[in-house]
Amino acid sequence: MSLDILAIAAHPDDIEQTCGGTLIRMAERGYRAGVLDLTAGDMGTRGTPEQRLAEAEAAARHMRLQWRGNLRFPDARLENTLSARMTLAVKIRELRPRVLILPYWEGRHPDHYRASELGYEACFLAGLKKLDEYSEPHRPFKVIYASLYANVTPSFVVDISGQFEARMAALLSYHSQYGAQGEGSDLFPQEQEIRERLGAVARFYGNLIGVKYGEPFVVKETMQVDDIVNMGVRSI
């Protein structure tokens, strides 16, 4: 398999919150998009790993993914170990994405920033010829970071105005997390509040580029512009 875009995250439903609209938009343009969740969220207050894996597959259909997988690493105990890097590197060689989306490298949940550093270092290993005699070396051309929950200025914002509702449908496929139930009610907002929160955040980033809804990303390298006449977003 050769993917155009692979998004890696720590838990099922992380992708849906941070870059799901972008994946949908890219899929609508004909690109092959995939998601690799590192854990099944087995330490979560609500739901079982089996439920969350099934919900992830339902969400994948809303996001029009070509592929989705889960490495079943330990939730809330994600570590950037050699064995984890090797496992992920071999998977990257198998999927061969041109673009890799990772979580932003800082965050409240340790699993999120561990997933970011683990993903980057696995990409480096994946390009080493002698890493594995059974697969061909591969490194993504571009690594970008989903920065929606980070208080940083984005390098760019993707217009997801036409994909926002499908993104919400994907997120709300996780009934064990966002459905109405008593367990964890003090920790989990109701569906209407979820819609309002994520709508407000997406509107904020959309406003930065003059559209209704947006998703922000950060890159570590300087971006190249070849045509300054056709640059997007008005200055005045």
# chains A, B, ... in the order shown; residues from 1 in each chain; ligands from 1
call {"tool": "select_by_dssp", "arguments": {"residues": "stretch 13-102 of chain A", "states": "alpha helix (DSSP H)", "output": "mmCIF file with C-alpha atoms, in the first residue's frame"}}
result
data_model
loop_
_atom_site.group_PDB
_atom_site.id
_atom_site.type_symbol
_atom_site.label_atom_id
_atom_site.label_comp_id
_atom_site.auth_asym_id
_atom_site.auth_seq_id
_atom_site.Cartn_x
_atom_site.Cartn_y
_atom_site.Cartn_z
ATOM 1 C CA ASP A 14 -7.668 12.327 18.460
ATOM 2 C CA ILE A 15 -7.481 12.578 14.666
ATOM 3 C CA GLU A 16 -11.182 13.399 14.356
ATOM 4 C CA GLN A 17 -10.719 16.374 16.670
ATOM 5 C CA THR A 18 -7.495 17.817 15.259
ATOM 6 C CA GLY A 20 -10.250 15.065 10.489
ATOM 7 C CA GLY A 21 -11.600 17.814 8.236
ATOM 8 C CA THR A 22 -8.302 18.063 6.405
ATOM 9 C CA LEU A 23 -8.228 14.306 5.777
ATOM 10 C CA ILE A 24 -11.781 14.450 4.421
ATOM 11 C CA ARG A 25 -10.907 17.346 2.132
ATOM 12 C CA MET A 26 -7.837 15.539 0.819
ATOM 13 C CA ALA A 27 -9.842 12.351 0.255
ATOM 14 C CA GLU A 28 -12.406 14.365 -1.707
ATOM 15 C CA PRO A 49 -10.948 -1.109 23.639
ATOM 16 C CA GLU A 50 -13.230 -3.271 21.495
ATOM 17 C CA GLN A 51 -15.894 -0.555 21.436
ATOM 18 C CA ARG A 52 -13.414 2.148 20.549
ATOM 19 C CA LEU A 53 -11.875 0.104 17.742
ATOM 20 C CA ALA A 54 -15.330 -0.484 16.254
ATOM 21 C CA GLU A 55 -16.163 3.206 16.610
ATOM 22 C CA ALA A 56 -12.871 4.112 14.927
ATOM 23 C CA GLU A 57 -13.879 2.053 11.901
ATOM 24 C CA ALA A 58 -17.239 3.832 11.739
ATOM 25 C CA ALA A 59 -15.444 7.191 11.962
ATOM 26 C CA ALA A 60 -13.070 6.101 9.188
ATOM 27 C CA ARG A 61 -16.014 5.715 6.827
ATOM 28 C CA HIS A 62 -17.134 9.282 7.532
ATOM 29 C CA LEU A 82 13.382 1.226 20.668
ATOM 30 C CA SER A 83 10.856 -1.561 20.161
ATOM 31 C CA ALA A 84 8.015 0.946 19.684
ATOM 32 C CA ARG A 85 10.096 2.975 17.202
ATOM 33 C CA MET A 86 11.004 -0.157 15.268
ATOM 34 C CA THR A 87 7.394 -1.347 15.108
ATOM 35 C CA LEU A 88 6.208 2.027 13.877
ATOM 36 C CA ALA A 89 9.117 2.408 11.431
ATOM 37 C CA VAL A 90 8.277 -0.897 9.759
ATOM 38 C CA LYS A 91 4.626 0.199 9.487
ATOM 39 C CA ILE A 92 5.693 3.463 7.843
ATOM 40 C CA ARG A 93 7.779 1.483 5.346
ATOM 41 C CA GLU A 94 4.708 -0.624 4.610
ATOM 42 C CA LEU A 95 2.297 2.295 4.152
#
call {"tool": "select_by_dssp", "arguments": {"residues": "stretch 55-148 of chain A", "states": "strand (DSSP E)", "output": "PyMOL selection string"}}
result
chain A and resi 67-73+99-103+142-146
call {"tool": "write_last_selection", "arguments": {"atoms": "N, CA and C atoms", "output": "short mmCIF file (atom, residue, chain, number, x, y, z; two decimals), in the first residue's frame"}}
result
data_model
loop_
_atom_site.label_atom_id
_atom_site.label_comp_id
_atom_site.auth_asym_id
_atom_site.auth_seq_id
_atom_site.Cartn_x
_atom_site.Cartn_y
_atom_site.Cartn_z
N TRP A 67 -7.45 3.54 4.64
CA TRP A 67 -6.88 2.57 5.58
C TRP A 67 -6.92 3.15 6.98
N ARG A 68 -7.15 2.27 7.97
CA ARG A 68 -7.01 2.67 9.36
C ARG A 68 -6.50 1.46 10.15
N GLY A 69 -5.57 1.71 11.07
CA GLY A 69 -5.02 0.64 11.88
C GLY A 69 -4.76 1.10 13.29
N ASN A 70 -4.44 0.13 14.15
CA ASN A 70 -4.15 0.43 15.55
C ASN A 70 -3.05 -0.51 16.03
N LEU A 71 -1.99 0.06 16.61
CA LEU A 71 -0.86 -0.74 17.07
C LEU A 71 -1.06 -1.34 18.45
N ARG A 72 -2.11 -0.93 19.16
CA ARG A 72 -2.44 -1.47 20.48
C ARG A 72 -1.29 -1.31 21.47
N PHE A 73 -0.56 -0.20 21.38
CA PHE A 73 0.41 0.14 22.42
C PHE A 73 -0.37 0.47 23.70
N VAL A 99 3.01 12.34 2.93
CA VAL A 99 2.84 13.34 3.98
C VAL A 99 2.45 12.64 5.26
N LEU A 100 3.08 13.02 6.36
CA LEU A 100 2.76 12.47 7.67
C LEU A 100 2.25 13.60 8.56
N ILE A 101 1.11 13.38 9.20
CA ILE A 101 0.56 14.32 10.17
C ILE A 101 0.78 13.75 11.56
N LEU A 102 1.42 14.53 12.43
CA LEU A 102 1.67 14.12 13.81
C LEU A 102 1.00 15.09 14.78
N PRO A 103 0.78 14.67 16.03
CA PRO A 103 0.32 15.63 17.03
C PRO A 103 1.40 16.69 17.28
N LYS A 142 7.08 15.09 3.68
CA LYS A 142 6.68 16.20 4.54
C LYS A 142 6.11 15.68 5.85
N VAL A 143 6.55 16.27 6.96
CA VAL A 143 5.98 16.00 8.27
C VAL A 143 5.34 17.29 8.77
N ILE A 144 4.04 17.25 9.05
CA ILE A 144 3.34 18.42 9.56
C ILE A 144 2.69 18.06 10.89
N TYR A 145 2.45 19.09 11.69
CA TYR A 145 1.96 18.88 13.06
C TYR A 145 0.60 19.54 13.23
N ALA A 146 -0.39 18.75 13.68
CA ALA A 146 -1.72 19.27 13.95
C ALA A 146 -1.67 20.07 15.25
#
call {"tool": "residues_around", "arguments": {"residues": "A:Asp111", "least_positions_apart": "3", "cutoff": "12 Å", "atoms": "only C-alpha atoms", "output": "ChimeraX atom specification"}}
result
/A:8-11,14,37-39,41,43,73-80,103-108,114-119
call {"tool": "residues_around", "arguments": {"residues": "A:Leu208", "least_positions_apart": "4", "cutoff": "9 Å", "atoms": "only C-alpha atoms", "output": "ChimeraX atom specification"}}
result
/A:157,203-204,214,233
call {"tool": "write_last_selection", "arguments": {"atoms": "C-alpha atoms", "output": "PDB file, in the first residue's frame"}}
result
ATOM      1  CA  VAL A 157      -4.605  26.730   8.037  1.00  0.00           C
ATOM      2  CA  ARG A 203     -14.322  29.281  13.392  1.00  0.00           C
ATOM      3  CA  PHE A 204     -11.382  30.988  15.092  1.00  0.00           C
ATOM      4  CA  GLY A 214     -10.320  25.914   9.544  1.00  0.00           C
ATOM      5  CA  VAL A 233      -5.574  35.036   1.960  1.00  0.00           C
TER       6      VAL A 233
END
call {"tool": "residues_around", "arguments": {"residues": "A:His138", "least_positions_apart": "4", "cutoff": "7 Å", "atoms": "only C-alpha atoms", "output": "ChimeraX atom specification"}}
result
/A:93,96,126-127
call {"tool": "write_last_selection", "arguments": {"atoms": "C-alpha atoms", "output": "mmCIF file, in the first residue's frame"}}
result
data_model
loop_
_atom_site.group_PDB
_atom_site.id
_atom_site.type_symbol
_atom_site.label_atom_id
_atom_site.label_comp_id
_atom_site.auth_asym_id
_atom_site.auth_seq_id
_atom_site.Cartn_x
_atom_site.Cartn_y
_atom_site.Cartn_z
ATOM 1 C CA ARG A 93 7.779 1.483 5.346
ATOM 2 C CA ARG A 96 4.820 4.607 2.422
ATOM 3 C CA ALA A 126 12.214 4.000 8.344
ATOM 4 C CA GLY A 127 14.640 5.555 5.877
#
